[in-house]
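What follows is the content of structure_38.cif, which has mmCIF, C-alpha atoms:
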```
data_model
#
loop_
_atom_site.label_atom_id
_atom_site.label_comp_id
_atom_site.auth_asym_id
_atom_site.auth_seq_id
_atom_site.Cartn_x
_atom_site.Cartn_y
_atom_site.Cartn_z
CA MET A 1 93.91 122.58 107.93
CA GLY A 2 95.15 120.43 105.10
CA ILE A 3 93.76 117.33 103.43
CA GLN A 4 93.53 113.94 105.13
CA PHE A 5 94.98 111.09 103.08
CA TRP A 6 93.82 107.65 104.21
CA PHE A 7 95.53 104.59 102.78
CA SER A 8 96.57 101.00 103.27
CA ILE A 9 99.68 99.43 101.86
CA GLY A 10 98.15 96.62 99.84
CA SER A 11 95.86 98.78 97.75
CA THR A 12 96.96 98.79 94.12
CA TYR A 13 95.85 102.29 93.11
CA THR A 14 97.51 103.70 96.24
CA TYR A 15 100.82 103.07 94.43
CA LEU A 16 99.95 105.91 92.08
CA THR A 17 99.02 108.23 94.93
CA VAL A 18 101.98 107.71 97.25
CA THR A 19 104.36 107.99 94.33
CA ARG A 20 102.98 111.26 92.99
CA LEU A 21 101.78 112.89 96.20
CA PRO A 22 105.11 114.24 97.53
CA ALA A 23 105.54 116.34 94.37
CA ILE A 24 101.91 117.49 94.60
CA GLU A 25 102.40 118.52 98.22
CA GLN A 26 105.43 120.54 97.22
CA ALA A 27 103.81 122.11 94.16
CA THR A 28 100.55 123.08 95.90
CA GLY A 29 101.86 123.83 99.37
CA ILE A 30 98.92 121.83 100.74
CA GLU A 31 99.70 119.63 103.71
CA PHE A 32 98.40 116.09 103.39
CA GLU A 33 97.99 114.13 106.62
CA TRP A 34 99.03 110.58 105.72
CA ASN A 35 97.08 108.02 107.75
CA PRO A 36 97.77 104.29 107.41
CA PHE A 37 95.03 101.92 108.62
CA SER A 38 93.40 98.61 107.71
CA ILE A 39 91.06 99.07 104.74
CA ARG A 40 90.93 95.28 104.54
CA ALA A 41 89.03 95.09 107.84
CA ILE A 42 86.50 97.70 106.70
CA MET A 43 85.99 96.24 103.23
CA MET A 44 85.37 92.78 104.63
CA GLU A 45 82.80 94.24 107.04
CA GLN A 46 81.09 95.97 104.12
CA ASN A 47 81.17 92.96 101.78
CA ASN A 48 83.21 95.08 99.38
CA ILE A 49 85.67 92.83 97.57
CA PRO A 50 86.14 94.47 94.18
CA PHE A 51 88.66 92.20 92.47
CA ARG A 52 88.22 88.67 93.82
CA ASP A 53 87.03 86.25 91.12
CA LYS A 54 86.75 89.08 88.60
CA PRO A 55 89.53 88.42 86.09
CA VAL A 56 88.26 90.75 83.36
CA LYS A 57 87.83 93.70 85.71
CA THR A 58 91.16 92.94 87.36
CA ALA A 59 92.99 92.86 84.02
CA HIS A 60 91.72 96.35 83.27
CA MET A 61 92.79 97.56 86.71
CA TRP A 62 96.41 96.56 86.09
CA ARG A 63 96.44 98.06 82.61
CA ASP A 64 94.86 101.26 83.90
CA ILE A 65 97.52 101.57 86.60
CA GLU A 66 100.25 100.96 84.04
CA ARG A 67 98.87 103.64 81.71
CA ARG A 68 98.37 106.16 84.51
CA ALA A 69 101.83 105.57 86.00
CA GLN A 70 103.27 106.37 82.58
CA LYS A 71 101.10 109.49 82.45
CA TYR A 72 102.48 110.59 85.82
CA GLY A 73 106.05 109.89 84.76
CA PHE A 74 106.99 106.69 86.53
CA LYS A 75 106.91 102.96 85.95
CA ALA A 76 104.62 100.16 87.05
CA ARG A 77 105.50 96.53 86.46
CA VAL A 78 102.08 94.90 86.31
CA PRO A 79 100.54 92.74 87.50
CA ALA A 80 102.34 93.27 90.80
CA PRO A 81 102.16 90.40 93.34
CA TYR A 82 98.63 90.60 94.74
CA PRO A 83 97.09 90.38 97.27
CA LEU A 84 99.79 90.95 99.90
CA GLU A 85 100.44 88.07 102.30
CA GLN A 86 101.76 90.44 104.99
CA PHE A 87 99.20 93.18 104.64
CA ASP A 88 98.90 93.95 108.36
CA LEU A 89 102.64 93.93 109.04
CA ALA A 90 103.25 96.28 106.10
CA ASN A 91 100.74 98.71 107.59
CA ARG A 92 101.79 98.32 111.22
CA VAL A 93 105.30 99.29 110.17
CA ALA A 94 103.76 102.41 108.60
CA VAL A 95 101.90 103.17 111.83
CA TYR A 96 105.14 102.87 113.80
CA ALA A 97 107.04 104.85 111.17
CA LYS A 98 104.50 107.65 111.49
CA SER A 99 105.25 107.95 115.20
CA GLN A 100 108.95 108.11 114.36
CA GLY A 101 108.75 110.67 111.55
CA TRP A 102 109.87 108.60 108.56
CA MET A 103 106.58 107.19 107.29
CA LYS A 104 106.53 108.80 103.83
CA ASP A 105 109.99 107.45 103.06
CA TYR A 106 108.98 103.97 104.14
CA VAL A 107 105.70 103.96 102.23
CA THR A 108 107.06 105.31 98.97
CA VAL A 109 110.12 103.05 98.97
CA THR A 110 108.24 99.87 99.90
CA TYR A 111 105.67 100.61 97.18
CA ARG A 112 108.43 101.23 94.66
CA LYS A 113 110.01 97.86 95.45
CA TRP A 114 106.60 96.22 95.19
CA PHE A 115 105.49 97.84 91.92
CA GLN A 116 108.83 98.29 90.17
CA ASP A 117 110.89 95.34 91.44
CA GLY A 118 108.10 92.78 92.00
CA MET A 119 108.77 92.28 95.74
CA PRO A 120 105.58 92.17 97.85
CA ALA A 121 105.40 94.86 100.54
CA GLY A 122 105.45 93.57 104.12
CA SER A 123 107.39 90.42 103.17
CA GLU A 124 111.07 89.69 102.84
CA PRO A 125 113.17 90.87 101.14
CA ASN A 126 111.09 94.03 100.54
CA LEU A 127 110.72 94.92 104.22
CA SER A 128 114.36 94.63 105.27
CA GLU A 129 115.67 96.17 102.07
CA THR A 130 113.29 99.11 102.39
CA LEU A 131 114.24 99.73 106.00
CA LYS A 132 117.93 99.47 105.19
CA GLU A 133 117.55 101.90 102.28
CA ILE A 134 115.95 104.52 104.50
CA GLY A 135 118.49 104.01 107.29
CA GLN A 136 116.38 102.08 109.79
CA ASN A 137 117.27 99.01 111.85
CA SER A 138 115.13 96.22 110.45
CA GLN A 139 115.01 94.03 113.56
CA LYS A 140 114.16 96.89 115.87
CA VAL A 141 111.44 98.23 113.59
CA ILE A 142 109.74 94.86 113.07
CA GLU A 143 109.77 94.27 116.82
CA ALA A 144 108.12 97.64 117.41
CA ALA A 145 105.60 97.03 114.63
CA ASN A 146 104.56 93.83 116.38
CA SER A 147 104.07 95.54 119.75
CA ALA A 148 100.73 95.94 121.48
CA ASP A 149 101.07 99.72 121.35
CA VAL A 150 101.37 99.82 117.58
CA GLU A 151 98.53 97.33 117.20
CA ALA A 152 96.36 99.61 119.37
CA ASP A 153 97.26 102.63 117.22
CA TYR A 154 96.49 100.64 114.06
CA LEU A 155 93.06 99.67 115.38
CA GLU A 156 92.39 103.24 116.48
CA LEU A 157 93.26 104.64 113.05
CA THR A 158 91.02 102.02 111.47
CA ASP A 159 88.16 102.97 113.79
CA ARG A 160 88.68 106.61 112.92
CA ALA A 161 88.64 105.86 109.18
CA ARG A 162 85.42 103.86 109.56
CA SER A 163 83.75 106.66 111.52
CA LEU A 164 84.72 109.14 108.78
CA GLY A 165 82.97 107.00 106.16
CA VAL A 166 86.12 105.71 104.47
CA PHE A 167 85.12 102.56 102.52
CA GLY A 168 88.02 102.26 100.06
CA VAL A 169 91.49 103.65 99.45
CA PRO A 170 93.11 105.88 98.62
CA ALA A 171 90.64 108.27 100.27
CA PHE A 172 90.87 111.99 100.86
CA ILE A 173 88.95 114.25 103.20
CA ALA A 174 88.96 117.97 102.45
CA ASN A 175 86.79 120.12 104.71
CA ASP A 176 84.68 117.11 105.76
CA GLU A 177 84.13 116.09 102.13
CA LEU A 178 85.14 112.53 101.26
CA PHE A 179 86.80 111.63 97.96
CA TRP A 180 87.72 108.11 96.89
CA GLY A 181 90.36 107.06 94.40
CA ASP A 182 93.70 108.22 93.07
CA ASP A 183 91.72 109.82 90.26
CA ARG A 184 90.02 112.13 92.76
CA VAL A 185 93.19 113.77 94.15
CA GLU A 186 92.58 116.80 91.94
CA ASP A 187 88.92 117.00 93.00
CA ALA A 188 89.96 116.97 96.67
CA ILE A 189 92.49 119.74 96.07
CA SER A 190 89.84 121.73 94.27
CA TRP A 191 87.41 121.25 97.15
CA HIS A 192 90.07 122.27 99.65
CA ARG A 193 90.70 125.49 97.74
CA ASN A 194 87.28 126.42 96.40
CA GLY A 195 84.66 124.43 98.30
CA ARG A 196 83.64 122.83 95.02
CA VAL A 197 85.04 120.66 92.26
CA VAL A 198 86.14 122.71 89.28
CA MET S 1 88.28 105.39 63.08
CA GLY S 2 86.80 107.07 66.12
CA ILE S 3 86.25 105.88 69.67
CA GLN S 4 83.72 103.22 70.63
CA PHE S 5 81.45 104.25 73.49
CA TRP S 6 79.70 101.31 75.18
CA PHE S 7 76.91 102.01 77.64
CA SER S 8 73.70 100.85 79.25
CA ILE S 9 70.90 103.11 80.36
CA GLY S 10 70.73 102.18 84.01
CA SER S 11 74.35 102.93 84.84
CA THR S 12 74.62 105.93 87.13
CA TYR S 13 77.96 107.32 85.99
CA THR S 14 76.82 107.05 82.37
CA TYR S 15 74.60 110.06 83.11
CA LEU S 16 77.74 112.18 83.27
CA THR S 17 79.09 110.77 80.02
CA VAL S 18 76.00 111.01 77.84
CA THR S 19 75.35 114.53 79.09
CA ARG S 20 78.82 115.87 78.39
CA LEU S 21 79.81 113.76 75.39
CA PRO S 22 77.97 115.67 72.62
CA ALA S 23 79.94 118.83 73.47
CA ILE S 24 83.17 116.80 73.62
CA GLU S 25 82.45 115.29 70.21
CA GLN S 26 81.92 118.75 68.81
CA ALA S 27 84.97 120.29 70.49
CA THR S 28 87.39 117.50 69.56
CA GLY S 29 85.97 116.48 66.20
CA ILE S 30 86.33 112.86 67.31
CA GLU S 31 83.50 110.57 66.31
CA PHE S 32 82.21 108.41 69.15
CA GLU S 33 80.30 105.26 68.16
CA TRP S 34 77.51 105.00 70.75
CA ASN S 35 76.63 101.35 71.44
CA PRO S 36 73.81 100.44 73.83
CA PHE S 37 73.85 96.89 75.22
CA SER S 38 73.12 94.99 78.44
CA ILE S 39 75.90 95.52 80.95
CA ARG S 40 73.59 93.94 83.52
CA ALA S 41 73.84 90.55 81.79
CA ILE S 42 77.64 90.72 81.71
CA MET S 43 78.06 91.95 85.29
CA MET S 44 75.84 89.19 86.61
CA GLU S 45 77.90 86.63 84.69
CA GLN S 46 81.05 88.09 86.22
CA ASN S 47 79.71 88.32 89.76
CA ASN S 48 80.35 92.06 89.59
CA ILE S 49 77.66 93.86 91.61
CA PRO S 50 79.39 96.98 92.90
CA PHE S 51 76.63 98.74 94.84
CA ARG S 52 74.24 96.09 96.21
CA ASP S 53 74.30 95.99 100.01
CA LYS S 54 77.07 98.58 100.14
CA PRO S 55 75.40 101.70 101.58
CA VAL S 56 78.59 103.58 102.45
CA LYS S 57 80.13 103.08 99.03
CA THR S 58 76.82 103.88 97.36
CA ALA S 59 76.44 107.14 99.30
CA HIS S 60 79.82 108.29 98.01
CA MET S 61 78.87 107.32 94.47
CA TRP S 62 75.85 109.65 94.50
CA ARG S 63 77.81 112.49 96.06
CA ASP S 64 80.63 112.02 93.58
CA ILE S 65 78.19 112.19 90.66
CA GLU S 66 76.60 115.33 92.12
CA ARG S 67 79.99 117.04 92.51
CA ARG S 68 81.18 116.03 89.04
CA ALA S 69 77.94 117.08 87.35
CA GLN S 70 78.43 120.51 88.90
CA LYS S 71 82.02 120.51 87.65
CA TYR S 72 80.80 119.76 84.13
CA GLY S 73 78.14 122.44 84.32
CA PHE S 74 74.88 120.58 84.78
CA LYS S 75 72.68 119.30 87.57
CA ALA S 76 72.15 115.92 89.20
CA ARG S 77 69.34 115.34 91.66
CA VAL S 78 70.74 112.49 93.76
CA PRO S 79 70.05 109.83 94.70
CA ALA S 80 68.19 109.16 91.48
CA PRO S 81 65.74 106.22 91.50
CA TYR S 82 67.94 103.13 91.36
CA PRO S 83 68.15 100.43 90.12
CA LEU S 84 65.87 100.78 87.08
CA GLU S 85 62.86 98.48 86.96
CA GLN S 86 62.70 98.65 83.16
CA PHE S 87 66.38 98.38 82.41
CA ASP S 88 66.02 96.18 79.33
CA LEU S 89 63.18 98.17 77.78
CA ALA S 90 65.12 101.41 78.24
CA ASN S 91 68.05 99.88 76.36
CA ARG S 92 66.02 98.12 73.69
CA VAL S 93 64.47 101.49 72.83
CA ALA S 94 68.03 102.80 72.44
CA VAL S 95 68.90 99.88 70.15
CA TYR S 96 65.86 100.62 68.00
CA ALA S 97 66.58 104.36 68.10
CA LYS S 98 70.09 103.69 66.84
CA SER S 99 68.70 101.99 63.73
CA GLN S 100 66.43 104.99 63.21
CA GLY S 101 69.04 107.70 63.67
CA TRP S 102 67.79 109.43 66.84
CA MET S 103 69.54 107.50 69.57
CA LYS S 104 71.62 110.31 71.06
CA ASP S 105 68.54 112.48 71.48
CA TYR S 106 66.66 109.66 73.18
CA VAL S 107 69.51 108.71 75.52
CA THR S 108 70.37 112.22 76.64
CA VAL S 109 66.75 113.24 77.18
CA THR S 110 65.73 110.08 79.05
CA TYR S 111 68.81 110.43 81.30
CA ARG S 112 67.98 114.08 81.92
CA LYS S 113 64.46 113.17 83.02
CA TRP S 114 65.87 110.40 85.22
CA PHE S 115 68.65 112.45 86.89
CA GLN S 116 67.08 115.90 86.90
CA ASP S 117 63.36 115.19 87.25
CA GLY S 118 63.50 111.93 89.25
CA MET S 119 61.63 109.82 86.68
CA PRO S 120 63.19 106.37 86.13
CA ALA S 121 64.29 105.71 82.55
CA GLY S 122 62.39 102.95 80.74
CA SER S 123 59.26 103.46 82.87
CA GLU S 124 56.28 105.76 82.51
CA PRO S 125 56.07 108.70 82.38
CA ASN S 126 59.76 109.05 81.44
CA LEU S 127 59.54 106.88 78.32
CA SER S 128 56.48 108.46 76.71
CA GLU S 129 57.48 111.99 77.68
CA THR S 130 60.98 111.50 76.27
CA LEU S 131 59.67 110.10 72.99
CA LYS S 132 57.14 112.91 72.69
CA GLU S 133 59.82 115.53 73.37
CA ILE S 134 62.02 114.21 70.58
CA GLY S 135 59.11 113.88 68.16
CA GLN S 136 58.61 110.11 68.17
CA ASN S 137 55.41 108.09 68.36
CA SER S 138 55.48 106.39 71.73
CA GLN S 139 53.24 103.43 70.89
CA LYS S 140 55.04 102.64 67.65
CA VAL S 141 58.48 102.87 69.25
CA ILE S 142 57.64 100.66 72.22
CA GLU S 143 56.14 98.07 69.87
CA ALA S 144 59.33 98.08 67.81
CA ALA S 145 61.51 97.93 70.92
CA ASN S 146 59.65 94.77 71.96
CA SER S 147 60.13 93.07 68.59
CA ALA S 148 62.26 89.99 68.05
CA ASP S 149 64.51 91.91 65.67
CA VAL S 150 65.45 94.49 68.26
CA GLU S 151 65.92 91.82 70.91
CA ALA S 152 68.32 90.03 68.54
CA ASP S 153 70.27 93.24 67.92
CA TYR S 154 70.43 93.88 71.68
CA LEU S 155 71.84 90.41 72.33
CA GLU S 156 74.29 90.79 69.48
CA LEU S 157 75.59 94.10 70.81
CA THR S 158 75.91 92.52 74.26
CA ASP S 159 77.87 89.60 72.80
CA ARG S 160 80.12 92.05 71.00
CA ALA S 161 80.74 94.05 74.18
CA ARG S 162 81.60 90.87 76.07
CA SER S 163 84.02 89.75 73.39
CA LEU S 164 85.74 93.15 73.54
CA GLY S 165 86.33 92.75 77.28
CA VAL S 166 83.77 95.31 78.42
CA PHE S 167 82.98 94.55 82.08
CA GLY S 168 81.46 97.84 83.23
CA VAL S 169 80.09 101.08 81.80
CA PRO S 170 80.65 103.61 80.53
CA ALA S 171 83.46 101.99 78.55
CA PHE S 172 85.55 103.33 75.71
CA ILE S 173 87.70 101.58 73.15
CA ALA S 174 90.33 103.64 71.36
CA ASN S 175 92.60 101.73 68.97
CA ASP S 176 91.83 98.41 70.73
CA GLU S 177 92.60 99.91 74.16
CA LEU S 178 89.82 99.60 76.74
CA PHE S 179 89.01 102.37 79.22
CA TRP S 180 86.37 102.14 81.93
CA GLY S 181 84.56 104.97 83.64
CA ASP S 182 83.35 108.47 82.91
CA ASP S 183 86.59 109.64 84.49
CA ARG S 184 88.57 107.93 81.72
CA VAL S 185 87.01 109.83 78.78
CA GLU S 186 90.04 112.10 78.65
CA ASP S 187 92.44 109.14 78.81
CA ALA S 188 90.62 107.50 75.88
CA ILE S 189 90.82 110.70 73.85
CA SER S 190 94.51 110.97 74.65
CA TRP S 191 95.07 107.37 73.58
CA HIS S 192 93.14 107.96 70.36
CA ARG S 193 95.34 110.95 69.54
CA ASN S 194 98.74 109.95 70.91
CA GLY S 195 98.75 106.20 71.51
CA ARG S 196 99.36 106.91 75.20
CA VAL S 197 97.76 108.64 78.15
CA VAL S 198 99.18 112.10 78.71
#
```
As structure tokens, the full file:
Amino acid sequence: MGIQFWFSIGSTYTYLTVTRLPAIEQATGIEFEWNPFSIRAIMMEQNNIPFRDKPVKTAHMWRDIERRAQKYGFKARVPAPYPLEQFDLANRVAVYAKSQGWMKDYVTVTYRKWFQDGMPAGSEPNLSETLKEIGQNSQKVIEAANSADVEADYLELTDRARSLGVFGVPAFIANDELFWGDDRVEDAISWHRNGRVV
Amino acid sequence: MGIQFWFSIGSTYTYLTVTRLPAIEQATGIEFEWNPFSIRAIMMEQNNIPFRDKPVKTAHMWRDIERRAQKYGFKARVPAPYPLEQFDLANRVAVYAKSQGWMKDYVTVTYRKWFQDGMPAGSEPNLSETLKEIGQNSQKVIEAANSADVEADYLELTDRARSLGVFGVPAFIANDELFWGDDRVEDAISWHRNGRVV
């Protein structure tokens, strides 16, 4: 059993995680189960709105992401457009992509266009350009992402996240232990390997 | 010039920082300027109340502190009593202690009694037992902590923190760069040494 990785496209810190995780998966040999869902629904239920009307805290968040991206070896053009207008569509495409086997490509490329080129995920031109870049038919994918089946899967993943105690993203579950934040990836790996954080 | 360390007794994650920082100061040779102030005043101004009415998020916070304390080599009995009833008194004692040269001893011991023995900082018996343990006269210190001079210093430190952009604690300022969170101590040290996070 690997580590569950719960995320929503729309989360700012998730940019760091999706961009660095493929290399971590390769280096550690640990399988991460990428699960897109709607953290927005859960956070609204829990009255957890960390950045609205908090300009000082928000300014630090962008600067922190910029510094940490540099630490990890990639760029972040901050502030990125935020919040996303097409949050649900961006994530429903990920849910559909998961069923089709190309989710990681979609997620990492759409985040790159959002955080490096300033194009909001889920909106045009990000969506069509991302799909084109990874060799998918834009019209067909968006139609599928808007289907009742994908909506049902999206709700089911969100229910599952809620029942696991996920309250923010990125989140990681290693042997039933929940970790929150890009800065806890290493703790989750440690827990997976040792049953404790070292 | 060293690194500024801004904190309030009452912050949960600050337990990790004050407990591990003396060893870090010794190991790195970097001087940290410990500054107690009222983060509560600033967070209320900024509508930043991260844990009130958020039981799921709060549960993770306690577990995260427990795991990280173990990682750092010390204990945390969680949940600790929270929030503190005598937040301001706990911090005004720290302000007075700073002027007298025994602040670090006071802060680390009162946090230890709060997070290891379950006695809230700023209240009895924590306050008197802490002062006794570090060789201070409890009655004299509490009288001084309630003086107008100490109150003025406390407000001045709080004004200074606000003007520096501190919005949460623990916070660190290295060469004018602000870092927030116990999990950013290493980033602040890196910035201090290299002008970037590595």
Specify as an mmCIF file with C-alpha atoms, keeping the file's coordinate frame each residue included when the PyMOL selection byres ((chain A) within 7 of (chain S)) is applied to this file.
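Output below, filename out-v2.cif:
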```cif
data_model
loop_
_atom_site.group_PDB
_atom_site.id
_atom_site.type_symbol
_atom_site.label_atom_id
_atom_site.label_comp_id
_atom_site.auth_asym_id
_atom_site.auth_seq_id
_atom_site.Cartn_x
_atom_site.Cartn_y
_atom_site.Cartn_z
ATOM 1 C CA GLN A 46 81.090 95.970 104.120
ATOM 2 C CA LYS A 54 86.750 89.080 88.600
ATOM 3 C CA VAL A 56 88.260 90.750 83.360
ATOM 4 C CA LYS A 57 87.830 93.700 85.710
ATOM 5 C CA ARG A 67 98.870 103.640 81.710
ATOM 6 C CA ARG A 68 98.370 106.160 84.510
ATOM 7 C CA LYS A 71 101.100 109.490 82.450
ATOM 8 C CA GLY A 165 82.970 107.000 106.160
ATOM 9 C CA PHE A 167 85.120 102.560 102.520
ATOM 10 C CA VAL A 197 85.040 120.660 92.260
ATOM 11 C CA VAL A 198 86.140 122.710 89.280
#
```
- Residues in the PyMOL selection byres ((chain S and resi 88-91) around 9), expressed as a PyMOL selection string: chain S and resi 8-10+36-38+40+84-87+92-96+107+110+121-123+127+142+145-146+154
Once 5 Å is added on each side, what centre and edge lengths in Å to one decimal does the axis-aligned box around all listed atoms of range 137-152 of chain A have, as AutoDock Vina command-line options?
```
--center_x 106.8 --center_y 96.8 --center_z 116.0 --size_x 30.9 --size_y 16.0 --size_z 21.0
```
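Note that CA of Lys98 in chain S and CA of Ala144 in chain S are 12.2 Å apart.
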- Please measure the separation of CA of Glu25 in chain A and CA of Pro170 in chain A, giving the value in Å to one decimal.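 Separating CA of Glu25 in chain A from CA of Pro170 in chain A is a distance of 15.7 Å.
Here CA of Val169 in chain S and CA of Ser190 in chain S stand 18.9 Å from one another.
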- Query: What do you get, as number ranges by chain, if you spell out every residue that the PyMOL selection byres ((chain S and resi 81) around 6) selects here?
  - Reply: S: 80, 82, 120
- Item | Distance criterion (all atoms listed in the file): nearest to Pro79 in chain A out of A:Asp117, A:Thr108, A:Glu151, A:Ile42 |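 Of A:Asp117, A:Thr108, A:Glu151, A:Ile42, the one nearest Pro79 in chain A is A:Asp117, counting all atoms listed in the file.
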- Which is closest to Glu31 in chain S among S:Gln100, S:Gln136, S:Gln4, S:Thr17, if we use only C-alpha atoms?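 Of S:Gln100, S:Gln136, S:Gln4, S:Thr17, the one nearest Glu31 in chain S is S:Gln4, counting only C-alpha atoms.
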- Query: Around (108.3, 103.5, 97.7) in the file's own coordinates, what residues are found within 9 Å if you use all atoms listed in the file, given back as a list in words?
  - Reply: Tyr15, Val18, Thr19, Lys104, Asp105, Tyr106, Val107, Thr108, Val109, Thr110, Tyr111, Arg112, Lys113, Trp114, Phe115 and Thr130 of chain A
- Of A:His192, A:Ser11, A:Phe5, A:Asn137, the one nearest to Glu33 in chain A when counting all atoms listed in the file is A:Phe5
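When all atoms listed in the file are used to measure the gap to Met103 in chain A, the shortest distance among A:Tyr13, A:Trp34, A:Phe172, A:Phe7 belongs to A:Trp34.
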